[in-house]
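Colleague: Dumping the structure here so I can ask a few things about it.
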Amino acid sequence: MMNIKATGSISILKDIKTVFDFISNLEKDKLWRKEINNTTMTSKPQINAQAEENSFLSKRKPNHILNLICTQYIENNQVVYQTLPDSNFFLKSSRQAEYISQYETRVIYTIEFDKDIVKQAFGFSLPVFIINMAAKSDMKKYLAELKSVMEKLTV
């Protein structure tokens, strides 16, 4: 099994609590990650909270279901979700909030996933370098959208 990993960061003009509360709640992902149809969480974000994520991988897989569990939670700092051990594919999402100032927060987002999920989506494999390029491109789009959505929020 080979994993693909992409990391990106962006500065958001909001306080750290507002940013962390938003990025730690997977039910908000549909607002900034275009492929997410919806996500349901069993509880508020915390260790062992579980989520069912329904995403549009491709026309072949328009409702791909992933079950995730929160494996790390440090309030106003970091949250990590990953697939359950019996999942067909590995996926790990790490979201970190770093204090810049009272009104500015840096988000560091890392996604790691099994490259075979691409074969599941399209019915054929793609070269790793293409999957890496697509993951990096998606990461930039996610973070730009996250910044846009968060900075429009009125809290």
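Following the order of the structure tokens, chains are lettered A, B, ..., residues in each are numbered from 1, and ligands are numbered from 1.
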Would you list the contacts of region 25-40 of chain A as a PyMOL selection string, taking every protein, DNA or RNA residue within 8 Å and counting only C-alpha atoms, but skipping same-chain residues closer than 6 positions in sequence?
Modeller: chain A and resi 51-57+63+142-143+145-146+149
Colleague: Using only C-alpha atoms, which of the listed residues (A:Asn88, A:Thr42, A:Gln72, A:Asn3) sits closest to Val128 (chain A)?
Modeller: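 Selected residue with least distance to Val128 (chain A): A:Asn3.
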Colleague: For CA of Asp116 (chain A) and CA of Ala144 (chain A), determine how far apart the two atoms are, in Å to one decimal place.
Modeller: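 Result for CA of Asp116 (chain A) versus CA of Ala144 (chain A): 26.8 Å, one decimal.
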Colleague: Skip Glu75 (chain A) itself and residues of its chain fewer than 4 positions away, then list as number ranges by chain all residues within 12 Å of it, counting only C-alpha atoms.
Modeller: A: 16-25, 44-47, 79-80, 95-98
Colleague: Do a neighbour search on Glu104 (chain A) at 7 Å with only C-alpha atoms, toss out local chain neighbours closer than 6 positions, and write the hits as number ranges by chain.
Modeller: A: 11-15
Colleague: Near Gln120 (chain A), within 9 Å and counting only C-alpha atoms, which residues show up once chain neighbours fewer than 5 positions away are dropped, as a list in words?
Modeller: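 That gives Leu57, Arg60, Lys61 and Ser125 of chain A.
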Colleague: Write out, as a tab-separated table (two decimals), in the first residue's frame, the residues just selected, with C-alpha atoms.
Modeller:
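Result written to again-v2.tsv:
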```tsv
chain	number	residue	atom	x	y	z
A	57	LEU	CA	-15.32	10.76	-5.85
A	60	ARG	CA	-18.66	6.15	-11.00
A	61	LYS	CA	-18.64	6.74	-7.21
A	125	SER	CA	-4.98	3.36	-11.48
```
Colleague: Assign secondary structure with DSSP using the backbone only, and return the residues of chain A in strand (DSSP E) as a PyMOL selection string.
Modeller: chain A and resi 3-12+36-41+50-55+64-74+78-83+91-101+104-114
Colleague: Next, write the just-selected residues to a file, as a JSON list (two decimals), in the first residue's frame, keeping C-alpha atoms as the atom set.
Modeller:
```
[["chain", "number", "residue", "atom", "x", "y", "z"],
["A", 3, "ASN", "CA", -0.01, 6.57, 0.63],
["A", 4, "ILE", "CA", -0.31, 10.00, -0.93],
["A", 5, "LYS", "CA", 0.29, 12.94, 1.38],
["A", 6, "ALA", "CA", -0.41, 16.64, 0.84],
["A", 7, "THR", "CA", 0.05, 19.51, 3.28],
["A", 8, "GLY", "CA", -0.83, 23.15, 2.98],
["A", 9, "SER", "CA", -1.28, 26.18, 5.19],
["A", 10, "ILE", "CA", -3.10, 29.48, 5.01],
["A", 11, "SER", "CA", -3.62, 32.50, 7.23],
["A", 12, "ILE", "CA", -7.22, 33.34, 8.15],
["A", 36, "ILE", "CA", -18.22, 16.47, 0.23],
["A", 37, "ASN", "CA", -21.93, 15.75, -0.11],
["A", 38, "ASN", "CA", -22.46, 15.68, 3.66],
["A", 39, "THR", "CA", -20.98, 14.43, 6.93],
["A", 40, "THR", "CA", -22.72, 13.30, 10.08],
["A", 41, "MET", "CA", -20.90, 13.20, 13.40],
["A", 50, "GLN", "CA", -17.05, 9.21, 14.83],
["A", 51, "ALA", "CA", -18.15, 10.62, 11.50],
["A", 52, "GLU", "CA", -19.72, 9.25, 8.36],
["A", 53, "GLU", "CA", -18.55, 11.21, 5.34],
["A", 54, "ASN", "CA", -20.38, 10.96, 2.03],
["A", 55, "SER", "CA", -18.31, 12.31, -0.85],
["A", 64, "HIS", "CA", -18.51, 7.23, -1.45],
["A", 65, "ILE", "CA", -18.95, 6.55, 2.29],
["A", 66, "LEU", "CA", -16.00, 6.83, 4.69],
["A", 67, "ASN", "CA", -16.26, 6.17, 8.40],
["A", 68, "LEU", "CA", -13.80, 8.20, 10.42],
["A", 69, "ILE", "CA", -12.81, 8.42, 14.07],
["A", 70, "CYS", "CA", -11.13, 11.27, 15.93],
["A", 71, "THR", "CA", -7.77, 9.93, 17.15],
["A", 72, "GLN", "CA", -6.29, 13.20, 18.43],
["A", 73, "TYR", "CA", -7.97, 16.29, 19.83],
["A", 74, "ILE", "CA", -6.24, 19.24, 21.47],
["A", 78, "GLN", "CA", -5.07, 20.13, 16.54],
["A", 79, "VAL", "CA", -7.58, 17.50, 15.50],
["A", 80, "VAL", "CA", -6.88, 14.26, 13.63],
["A", 81, "TYR", "CA", -9.45, 12.00, 12.02],
["A", 82, "GLN", "CA", -8.72, 8.72, 10.33],
["A", 83, "THR", "CA", -10.54, 5.78, 8.85],
["A", 91, "LEU", "CA", -7.33, 8.11, 5.04],
["A", 92, "LYS", "CA", -5.99, 10.49, 7.68],
["A", 93, "SER", "CA", -6.89, 14.15, 8.01],
["A", 94, "SER", "CA", -4.93, 16.43, 10.33],
["A", 95, "ARG", "CA", -6.01, 20.02, 10.95],
["A", 96, "GLN", "CA", -3.95, 22.35, 13.07],
["A", 97, "ALA", "CA", -4.63, 25.93, 14.18],
["A", 98, "GLU", "CA", -1.70, 28.18, 15.12],
["A", 99, "TYR", "CA", -2.07, 31.52, 16.88],
["A", 100, "ILE", "CA", -0.68, 34.44, 14.86],
["A", 101, "SER", "CA", -2.51, 37.26, 16.64],
["A", 104, "GLU", "CA", -5.38, 35.94, 12.78],
["A", 105, "THR", "CA", -4.84, 32.19, 12.75],
["A", 106, "ARG", "CA", -2.75, 29.91, 10.56],
["A", 107, "VAL", "CA", -4.37, 26.63, 9.49],
["A", 108, "ILE", "CA", -2.11, 23.71, 8.60],
["A", 109, "TYR", "CA", -4.01, 20.95, 6.85],
["A", 110, "THR", "CA", -2.53, 17.56, 6.01],
["A", 111, "ILE", "CA", -4.32, 14.78, 4.19],
["A", 112, "GLU", "CA", -2.88, 11.31, 3.74],
["A", 113, "PHE", "CA", -4.65, 8.56, 1.84],
["A", 114, "ASP", "CA", -4.21, 5.21, 0.15]]
```
Colleague: Calculate how many Å separate CA of Ala49 (chain A) from CA of Met150 (chain A), rounding to one decimal.
Modeller: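 Between these atoms lies a distance of 23.4 Å.
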Colleague: Just the number, please: distance in Å from CA of Lys136 (chain A) to CA of Leu153 (chain A), one decimal.
Modeller: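 Computing it gives 26.0 Å between the two atoms.
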Colleague: Would you please work out which residue, of A:Met139, A:Met133, A:Ser58, A:Ser148, is nearest to Lys119 (chain A) when using only C-alpha atoms?
Modeller: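 Among the listed residues, the smallest separation from Lys119 (chain A) belongs to A:Ser58.
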Colleague: Identify, with DSSP run on backbone atoms, the residues in region 26-154 of chain A assigned to alpha helix (DSSP H), and express the list as a PyMOL selection string.
Modeller: chain A and resi 116-122+128-152
